[in-house]
Amino acid sequence: MKSSDQKPNQGDSRRDFLKKSSVITAIALTPSVAVKAAESNADERFAQLFEKIPLELTVNNKVYQTTVEPRVTLLDYLREELHLTGTKKGCDHGQCGACTVHVDGQRVNSCLSLAVMNEGKKITTIEGLANGETLHPMQAAFIKHDGFQCGYCTPGQIMSAVACVREGHTGSRAEISEYMSGNICRCGAYPNIVDAIIEVKEGGEKV
Amino acid sequence: MEKRVLKDDNDRVDGILKVTGQAKYFAEYELPGLTYGVLVTSTITKGKITALDTKAAEKAPGVIAVISHLNKPSAAAYEQEGGPQMKIFYTDKIFYNGQPIAIVVANTFERATHAASLVKATYAKEDFNTDFEKALKDPKAKKLQGQADYKRGIENAYKTAVVKLEERYFLPIETHNPMELHGIIADWRPNNQLTVYAKTQGVKATQGTIANVFKIPMENIQVNSEFVGGGFGMALRTWPLEIATVMASKHIGKPVKVVITRMQMFTMVGNRPAAIQTIGLGANKDGKLTGITHRAYGETSTYENFTEGVVNMAKFMYQCDNVNTAYAIVPVDLGVPIWMRGPGEATGAFALESAIDEMAHALDMDPLDFRIKNDPETDQQKNKPFSSKNIKEAYKIGAEKIGWSNRKNKPGSLIEGPWQTGYGVSVGVFNANRGKASVKGILKADGSLHLQSATSDIGPGTGTGMTLIANKLMKIPVNKITFELGDSSLPPAPSQGGSATLSTVGSAVNDVCVALKSAIAELAANSNMDATANFVDVLKKNNLPQIEVTKESQGGKERDNYSMYSFSIHFVQVKVHALTGVVKVSKIVSVGDSGTIVSPKTARSQMLGGAVGGIGMALTEESIIDHRYGRYINNNFADYHVPVNADVPEIDVNFINKPDPYINPMGAKGMGEIALIGFSAAVANAVFNATGKRIRTLPITPDKILA
Ligand code: FES
Ligand code: FES
C-alpha cells in the first residue's frame, strides 16, 4: 500500500474515478437495485472492479502511492490505512472540526473529503506539525494555556488555530472566537484556546 | 521554538502527547487481523422482531459475520432467567427506537457500514409513548418512587407563609456528547482470554461487567483505557453495544472494533433525563425562609430504572426548619438515562436556585443578601457541622469581580440600545466524596518515582493532580514522577465519577508517599545514614535498585462527625437583545470552594468546562423527539447545539483554596460537578434581571424570551 512502484497516471485515475463513482452513486440512489445486486452477489463483482482506485498524495512530507476505495474519506484513510490517528473523528459530518487537517495549506474537515479527491495534494496532520523534537509554537502555547482537557478535539483545534493565524483572523478575541467556532470542544477549553492563539500571534513567530 | 519538555510544573503531564497526536484513544490501537463492526438498530419504538433478513448483508463484500438474537454466541449470564431486561441479542423485544438489534462485521469500516444497511428487520409493532409530560398526566402510566420522601418540621409549610411562591420548572433531555464517539475494541482469544480497549470512566467496572455477563474470571479480562475523549458520565457503565462487540469477537475469533456514529450517541449511551419539578417556598417579611418543598419527576426507561439526586440540595442548602421533598420516576419508551455532569443535583439546582431568586424578588431583596440571610451554620439534614464551608467569602469575591454593585434590583433597568443587561447569581453544591483506592509506588535509585492505579482520566487531569501530590510530599521533581492509569491490571480504584478521583486516589498516593518515606528513613537508620539523607543515596548505599509499596486507602470516622460538601458560586452577566430575543452570556465569574487546590491549572480548566457546559444547559441544549415516531430529530451537532467558541466570554475563575481539615490528607474536595451545578439558574436569573421575564423551561431560547 505504502509503496507501489508504479506511478499511477493521474489523468486516467481522475477520469476513472468520475466514471466509476457515478455508477456507484446510481447504485446508492436505488436501494432495490443495490439489494438485488447484493443478493446475486453482483456487488462483490462491482466491488472487485471498482474498489481500488490509484491515488498519490503527500502526507506530512511523505509521498504515498496507493489504491483506495472511492468511498473512503480522507479521515478514515488517514486513521485506518496510514494509522495517523492524531486526526480525530467526532461526527463524520463536517459539524465538529475534530478531523481538521491542512490540504495544500488550507484547513479542511477531512471527514468531508474523499481520499481520492486529494490526488496530488499535500496534506499536513497534527503529526506533521512539530519540527522533529521541537514543538510548533501553537502546540507549546496550547500546553502553556491548558487549551484542552480530554485532548480529543485538540489536534483539530491546533490545526485550525494555525490556519486562523495564517489567515490573519486574529484581530481581536471576538474575531478569533468567530473563526475558531467550527471546532467544538465539549470540555469547554475555549477561553484557553483563544489565549494560546493570542500568544502565538503576539509572539510573531512564523507559523 | 520550544523543546518537547514541559516548562511549568503545573502543565498537564500528558500535554505533549495530546498536542502532538500521540495520545492513543480506544479506537486507535492497531491489532493484527482487526475487523470492523457496525450496529443495525431498530426502526420501531416498541414491539418484537418477527424476522431478520441478513442474507444480503452476509453476501456483501468483505462481510465476515452478522450476529443477532438468531445466532449469538453464549453469554452465560444472559442464558439465565431474570437479570436485566435488556439482554442484547438475547431478546427479540424492542424497548426503544434505535436499539441495537444486530452487528455486522466486515474487513473494512466502509464494507461493514454498507452491509449493515442491507439487514432488513420485520416487526410486530406495539403502541408506545416517548412523551414524558404525557406519561405524567396519564393516571394509568406508572410512577415509581425514586427516593424516600423527606420531611423535616411541617410538610408544605410554604403554603401558610406570609410570602409564598409555588412554581414549576422543566428541563428537557440533554445528551452528553463528548467529542470522542463511543465504542470498544474487543479481542476474544482461545481459552476465554479477552483484551478490550475501551472508552470507560472505570476500567475495573468494565472488567467486572464483562466478567459477569460472560461468566469468565476477572483475571481473564484485560481492560485498557489510557486516554478517554471525554465522558461527562456516559462512560460510567458498559453499554449493550460493548457487550455486542465482545460477542462478535467471541463469535468470529478475531478482534472487532466498533465506533458508533454521532447519531447513535443519542440513543445508545444514555442522556440526562428530562425532569419536571415543583418548588414551593415560604418566607417571612424579614426574608427568612419558613418552608421549602421540592417535588420532582424524572424520566426513566421501561426496561431499567434510573434515579439521581434531584431533590438533595433542598434538604440542607438553606437554613429552614420546615422542608419536605419527593422524587418519582416515570418510565417512557426511550433508552435508559445515565448521570450527566452535575447529575441530578444540576437538574435540581436549576429549579431551587431559580426559585430562590424568585423569592428574593417577591421580597424585594437583593438575591445575594437573601442567600446570605438564609445561609445555614450547620447541616440541618444530617444535624452535623460542615467540615468546611466558605460560602460567604465566595459570595463576596464573586460579587466584587462581576461588579454586582452595577446591578439594579428592578428588572429591565439596564438598557443600552437594543441590549438589556442583567446580572444573576446561583450556588452549586455536591457531596465531597472519598472512596477506597489502591496505589503502588516504585521509588528508584535513578531518582524517579513511578505510581500506578487502575483509575481513569476522562479529561480533568488525573495524572497531573497525582503527580503534584507526590511532588509536594516527596520533593521529587515533577519530570521524575510518572503516574500510570487506565489499565485494569493495576491496583484497583473506583470509576471516575461523582467528583471523587482526586480525593480517593490522591489519598492513596499520599499514603504511598508517606510509606515510601518511612521505608527510606528506616533504611537510612539501618545503614547509619542521616535521617534526612536523600533517597537516591540511601538506595545506592543499600544496593537497592528500587523499593516499592502498595497502599489501600479510605476515609475513617470523620464522615460520622461532619457533613462534607463542595460549593461553587456562579455569577453571570447577560445581554438580551430586545428584538431578537438572543441571549449572550457576556461575563462569568465562578468561585470554587472545594478545599485545597492541588493542581491549579487543571482545576481552573475544570471550572471553565463547567461554565461552558452550563451555558449549553441554560441556552441551547435539548434533545428533541418526534413523539409520533419515538425518534430523536436533532441527533447531530448541527441541530443539537453545544456551545462553540463564540458563545463563551472570558471566564474569571477563583478558588477559596483553604484546606478542608477533615476530608483527606490533602484537604482537597472534588470539583468536577460543582463547576456546572447551579450555573443554568444563574443565567435564568440574569435573564430575568435583564428583561423581567422568568423562563422556567430550559433551554432559554429566543422564542421563549419573545413569547
Ligand atoms: S469529524 Fe469531521 S467535522 Fe466532525
Ligand atoms: S479537550 Fe475535550 S473536547 Fe476539547
# chains A, B, ... in the order shown; residues from 1 in each chain; ligands from 1
>>> residues_near_ligand(ligand="ligand 1", cutoff="8 Å", atoms="only C-alpha atoms and all ligand atoms", output="list of chain:residue names")
A:Leu75, A:Lys88, A:Lys89, A:Gly90, A:Cys91, A:Asp92, A:His93, A:Gly94, A:Gln95, A:Cys96, A:Gly97, A:Ala98, A:Cys99, A:Thr100, A:Asn109, A:Ser110, A:Cys111, A:Leu112, A:Asn183
>>> write_last_selection(atoms="all heavy atoms", output="CSV table (one decimal), in the first residue's frame")
chain,number,residue,atom,x,y,z
A,75,LEU,N,-10.4,11.3,6.2
A,75,LEU,CA,-10.2,11.0,7.6
A,75,LEU,C,-10.0,9.5,7.9
A,75,LEU,O,-9.1,9.1,8.6
A,75,LEU,CB,-11.5,11.5,8.3
A,75,LEU,CG,-11.6,11.1,9.8
A,75,LEU,CD1,-10.4,11.7,10.6
A,75,LEU,CD2,-12.9,11.6,10.4
A,88,LYS,N,-8.8,13.3,14.5
A,88,LYS,CA,-9.9,12.6,15.2
A,88,LYS,C,-11.2,12.6,14.4
A,88,LYS,O,-11.5,13.5,13.7
A,88,LYS,CB,-10.1,13.2,16.5
A,88,LYS,CG,-8.9,13.3,17.4
A,88,LYS,CD,-8.3,12.0,17.7
A,88,LYS,CE,-7.1,12.1,18.6
A,88,LYS,NZ,-6.2,10.9,18.6
A,89,LYS,N,-12.1,11.6,14.7
A,89,LYS,CA,-13.4,11.6,14.2
A,89,LYS,C,-14.4,11.9,15.4
A,89,LYS,O,-14.5,11.2,16.4
A,89,LYS,CB,-13.8,10.2,13.7
A,89,LYS,CG,-15.2,10.2,13.0
A,89,LYS,CD,-15.6,8.8,12.6
A,89,LYS,CE,-14.9,8.3,11.3
A,89,LYS,NZ,-15.5,7.1,10.8
A,90,GLY,N,-15.1,13.1,15.2
A,90,GLY,CA,-16.1,13.5,16.2
A,90,GLY,C,-17.5,13.4,15.8
A,90,GLY,O,-18.4,13.3,16.6
A,91,CYS,N,-17.7,13.5,14.5
A,91,CYS,CA,-19.1,13.4,14.0
A,91,CYS,C,-19.2,12.8,12.6
A,91,CYS,O,-20.2,12.2,12.2
A,91,CYS,CB,-19.6,14.9,13.9
A,91,CYS,SG,-18.9,15.9,12.7
A,92,ASP,N,-18.1,12.9,11.8
A,92,ASP,CA,-18.1,12.3,10.4
A,92,ASP,C,-19.1,13.1,9.5
A,92,ASP,O,-19.4,12.6,8.4
A,92,ASP,CB,-18.6,10.8,10.5
A,92,ASP,CG,-17.6,10.0,9.6
A,92,ASP,OD1,-16.6,10.5,9.1
A,92,ASP,OD2,-17.9,8.8,9.4
A,93,HIS,N,-19.5,14.3,9.9
A,93,HIS,CA,-20.5,15.0,9.1
A,93,HIS,C,-20.1,16.5,8.9
A,93,HIS,O,-20.9,17.3,8.6
A,93,HIS,CB,-21.8,15.0,9.8
A,93,HIS,CG,-22.6,13.8,9.7
A,93,HIS,ND1,-22.2,12.6,10.2
A,93,HIS,CD2,-23.8,13.5,9.1
A,93,HIS,CE1,-23.0,11.6,9.9
A,93,HIS,NE2,-24.0,12.2,9.2
A,94,GLY,N,-18.8,16.8,9.2
A,94,GLY,CA,-18.4,18.2,9.0
A,94,GLY,C,-19.0,19.2,10.0
A,94,GLY,O,-19.2,20.4,9.7
A,95,GLN,N,-19.4,18.7,11.2
A,95,GLN,CA,-20.1,19.5,12.2
A,95,GLN,C,-19.2,19.8,13.4
A,95,GLN,O,-19.7,20.5,14.3
A,95,GLN,CB,-21.4,18.9,12.6
A,95,GLN,CG,-22.3,18.6,11.5
A,95,GLN,CD,-23.5,17.8,11.9
A,95,GLN,OE1,-23.4,17.0,12.8
A,95,GLN,NE2,-24.6,17.9,11.1
A,96,CYS,N,-18.0,19.3,13.5
A,96,CYS,CA,-17.3,19.4,14.8
A,96,CYS,C,-15.9,19.9,14.7
A,96,CYS,O,-15.3,20.4,15.6
A,96,CYS,CB,-17.4,18.2,15.6
A,96,CYS,SG,-16.2,16.9,15.1
A,97,GLY,N,-15.2,19.7,13.5
A,97,GLY,CA,-13.9,20.1,13.4
A,97,GLY,C,-12.8,19.2,13.9
A,97,GLY,O,-11.6,19.6,13.8
A,98,ALA,N,-13.1,18.1,14.6
A,98,ALA,CA,-12.1,17.3,15.2
A,98,ALA,C,-11.2,16.7,14.1
A,98,ALA,O,-10.0,16.3,14.5
A,98,ALA,CB,-12.8,16.1,16.0
A,99,CYS,N,-11.6,16.6,12.9
A,99,CYS,CA,-10.9,16.0,11.8
A,99,CYS,C,-10.1,17.0,11.0
A,99,CYS,O,-9.6,16.6,9.9
A,99,CYS,CB,-11.8,15.2,10.9
A,99,CYS,SG,-13.0,16.4,10.1
A,100,THR,N,-9.9,18.2,11.5
A,100,THR,CA,-9.3,19.3,10.7
A,100,THR,C,-7.8,18.9,10.3
A,100,THR,O,-7.0,18.6,11.2
A,100,THR,CB,-9.3,20.6,11.4
A,100,THR,OG1,-10.7,20.9,11.8
A,100,THR,CG2,-8.8,21.8,10.6
A,109,ASN,N,-12.1,20.0,6.7
A,109,ASN,CA,-12.6,18.9,7.5
A,109,ASN,C,-12.4,17.6,6.7
A,109,ASN,O,-13.1,17.3,5.7
A,109,ASN,CB,-14.1,19.0,7.8
A,109,ASN,CG,-14.4,20.1,8.8
A,109,ASN,OD1,-13.6,20.5,9.6
A,109,ASN,ND2,-15.6,20.6,8.7
A,110,SER,N,-11.5,16.8,7.2
A,110,SER,CA,-11.1,15.6,6.4
A,110,SER,C,-12.2,14.6,6.3
A,110,SER,O,-12.2,13.7,5.4
A,110,SER,CB,-9.8,15.0,6.9
A,110,SER,OG,-10.0,14.5,8.3
A,111,CYS,N,-13.3,14.7,7.2
A,111,CYS,CA,-14.4,13.7,7.0
A,111,CYS,C,-15.3,14.1,5.9
A,111,CYS,O,-16.1,13.3,5.4
A,111,CYS,CB,-15.2,13.7,8.3
A,111,CYS,SG,-16.1,15.2,8.6
A,112,LEU,N,-15.2,15.3,5.4
A,112,LEU,CA,-16.0,15.8,4.3
A,112,LEU,C,-15.3,15.7,2.9
A,112,LEU,O,-15.7,16.2,1.9
A,112,LEU,CB,-16.4,17.2,4.5
A,112,LEU,CG,-17.5,17.5,5.5
A,112,LEU,CD1,-18.0,18.9,5.5
A,112,LEU,CD2,-18.7,16.5,5.4
A,183,ASN,N,-14.7,24.4,15.4
A,183,ASN,CA,-14.1,23.4,16.2
A,183,ASN,C,-14.7,23.3,17.6
A,183,ASN,O,-14.5,24.2,18.4
A,183,ASN,CB,-12.6,23.7,16.3
A,183,ASN,CG,-11.9,23.5,15.0
A,183,ASN,OD1,-11.9,24.4,14.2
A,183,ASN,ND2,-11.3,22.3,14.8
>>> interface_residues(of="chain B", to="chain A", cutoff="7 Å", atoms="only C-alpha atoms", output="number ranges by chain")
B: 1-4, 11, 15, 18-22, 28, 56, 59-61, 110, 118, 178-181, 228-230, 261-262, 458-461, 605, 608-609, 612-613, 637-638, 644-646, 650
>>> select_by_dssp(residues="stretch 24-170 of chain B", states="strand (DSSP E or B)", output="VMD selection string")
chain B and resid 25 35 to 41 47 to 53 63 to 68 93 to 94 100 to 106 120 to 125 144 to 152 163 to 170
>>> atom_distance(atom1="atom CA of B:Ala355", atom2="atom CA of B:Ala432")
24.7 Å
>>> residues_around(residues="A:Val103", least_positions_apart="6", cutoff="10 Å", atoms="only C-alpha atoms", output="PyMOL selection string")
chain A and resi 58-59+109-110+118+121-125
>>> write_last_selection(atoms="N, CA, C and O atoms", output="compact mmCIF listing (two decimals), in the first residue's frame")
# COMPACT_ATOMS: atom_id res chain seq x y z
N THR A 58 0.62 13.36 -0.69
CA THR A 58 1.72 13.58 0.25
C THR A 58 1.13 13.89 1.61
O THR A 58 0.29 14.77 1.73
N VAL A 59 1.55 13.12 2.59
CA VAL A 59 1.09 13.39 3.95
C VAL A 59 2.31 13.64 4.82
O VAL A 59 3.20 12.79 4.89
N ASN A 109 -12.08 19.97 6.74
CA ASN A 109 -12.64 18.86 7.52
C ASN A 109 -12.40 17.57 6.74
O ASN A 109 -13.06 17.35 5.72
N SER A 110 -11.49 16.75 7.21
CA SER A 110 -11.11 15.59 6.40
C SER A 110 -12.23 14.56 6.29
O SER A 110 -12.19 13.70 5.43
N ASN A 118 -8.06 13.90 -3.18
CA ASN A 118 -6.83 14.56 -2.76
C ASN A 118 -5.62 14.15 -3.58
O ASN A 118 -4.48 14.28 -3.15
N LYS A 121 -2.29 16.13 -3.77
CA LYS A 121 -2.30 17.22 -2.79
C LYS A 121 -1.33 16.96 -1.65
O LYS A 121 -0.91 15.83 -1.41
N LYS A 122 -1.03 18.05 -0.96
CA LYS A 122 -0.13 17.97 0.21
C LYS A 122 -0.97 18.11 1.46
O LYS A 122 -1.59 19.16 1.69
N ILE A 123 -0.94 17.07 2.27
CA ILE A 123 -1.74 17.07 3.49
C ILE A 123 -0.79 17.23 4.68
O ILE A 123 0.26 16.59 4.74
N THR A 124 -1.18 18.07 5.63
CA THR A 124 -0.46 18.12 6.90
C THR A 124 -1.43 17.76 8.01
O THR A 124 -2.53 18.32 8.09
N THR A 125 -1.02 16.81 8.85
CA THR A 125 -1.83 16.44 10.00
C THR A 125 -1.08 16.88 11.27
O THR A 125 0.06 17.34 11.19
>>> atom_distance(atom1="atom CA of B:Val104", atom2="atom CA of B:Ala211")
23.6 Å
>>> atom_distance(atom1="atom CA of B:Arg168", atom2="atom CA of B:Ile279")
6.5 Å
>>> decode(residues="stretch 543-573 of chain B", atoms="N, CA and C atoms", output="compact mmCIF listing (two decimals), in the first residue's frame")
# COMPACT_ATOMS: atom_id res chain seq x y z
N ASN B 543 22.47 -0.89 48.07
CA ASN B 543 22.50 -1.71 46.85
C ASN B 543 21.12 -2.11 46.37
N LEU B 544 20.18 -1.20 46.53
CA LEU B 544 18.82 -1.49 46.09
C LEU B 544 18.51 -0.67 44.84
N PRO B 545 18.14 -1.33 43.74
CA PRO B 545 17.76 -0.55 42.55
C PRO B 545 16.45 0.20 42.77
N GLN B 546 15.57 -0.37 43.62
CA GLN B 546 14.29 0.29 43.88
C GLN B 546 13.61 -0.31 45.10
N ILE B 547 12.66 0.43 45.66
CA ILE B 547 11.75 -0.18 46.64
C ILE B 547 10.33 0.11 46.19
N GLU B 548 9.41 -0.78 46.57
CA GLU B 548 8.03 -0.50 46.18
C GLU B 548 7.06 -0.76 47.33
N VAL B 549 5.97 0.01 47.30
CA VAL B 549 4.95 -0.08 48.34
C VAL B 549 3.58 0.00 47.66
N THR B 550 2.63 -0.83 48.10
CA THR B 550 1.25 -0.68 47.64
C THR B 550 0.40 -0.38 48.86
N LYS B 551 -0.47 0.61 48.73
CA LYS B 551 -1.32 1.02 49.86
C LYS B 551 -2.76 1.12 49.42
N GLU B 552 -3.62 0.60 50.29
CA GLU B 552 -5.04 0.83 50.09
C GLU B 552 -5.44 1.94 51.06
N SER B 553 -6.26 2.84 50.58
CA SER B 553 -6.57 4.00 51.41
C SER B 553 -8.07 4.29 51.37
N GLN B 554 -8.63 4.62 52.52
CA GLN B 554 -10.01 5.09 52.56
C GLN B 554 -10.21 5.92 53.82
N GLY B 555 -11.31 6.64 53.83
CA GLY B 555 -11.59 7.53 54.96
C GLY B 555 -11.92 6.76 56.22
N GLY B 556 -11.95 7.47 57.34
CA GLY B 556 -12.28 6.85 58.62
C GLY B 556 -13.58 7.40 59.18
N LYS B 557 -13.56 7.74 60.42
CA LYS B 557 -14.78 8.13 61.12
C LYS B 557 -15.20 9.58 60.88
N GLU B 558 -14.32 10.36 60.20
CA GLU B 558 -14.61 11.80 60.05
C GLU B 558 -15.98 12.06 59.44
N ARG B 559 -16.44 11.15 58.62
CA ARG B 559 -17.72 11.34 57.95
C ARG B 559 -18.91 11.18 58.92
N ASP B 560 -18.65 10.47 60.03
CA ASP B 560 -19.72 10.36 61.04
C ASP B 560 -19.92 11.69 61.75
N ASN B 561 -18.88 12.50 61.77
CA ASN B 561 -18.94 13.73 62.57
C ASN B 561 -19.20 15.00 61.75
N TYR B 562 -18.93 14.92 60.46
CA TYR B 562 -19.04 16.14 59.65
C TYR B 562 -19.84 15.89 58.38
N SER B 563 -20.46 16.95 57.94
CA SER B 563 -21.15 16.95 56.66
C SER B 563 -20.20 17.53 55.63
N MET B 564 -19.94 16.80 54.54
CA MET B 564 -18.89 17.22 53.61
C MET B 564 -19.45 17.54 52.23
N TYR B 565 -19.29 18.78 51.86
CA TYR B 565 -19.76 19.22 50.54
C TYR B 565 -18.74 20.15 49.91
N SER B 566 -18.74 20.16 48.58
CA SER B 566 -18.03 21.20 47.81
C SER B 566 -19.07 22.22 47.36
N PHE B 567 -18.65 23.47 47.28
CA PHE B 567 -19.57 24.54 46.89
C PHE B 567 -18.99 25.35 45.74
N SER B 568 -19.88 25.94 44.97
CA SER B 568 -19.45 26.89 43.94
C SER B 568 -20.48 28.00 43.85
N ILE B 569 -19.98 29.18 43.50
CA ILE B 569 -20.88 30.29 43.25
C ILE B 569 -20.65 30.73 41.82
N HIS B 570 -21.74 30.90 41.09
CA HIS B 570 -21.64 31.36 39.71
C HIS B 570 -22.29 32.73 39.58
N PHE B 571 -21.53 33.68 39.09
CA PHE B 571 -22.08 34.99 38.78
C PHE B 571 -22.03 35.16 37.26
N VAL B 572 -23.12 35.59 36.68
CA VAL B 572 -23.08 35.86 35.24
C VAL B 572 -23.72 37.20 34.93
N GLN B 573 -23.18 37.78 33.87
CA GLN B 573 -23.81 38.97 33.30
C GLN B 573 -24.30 38.54 31.92
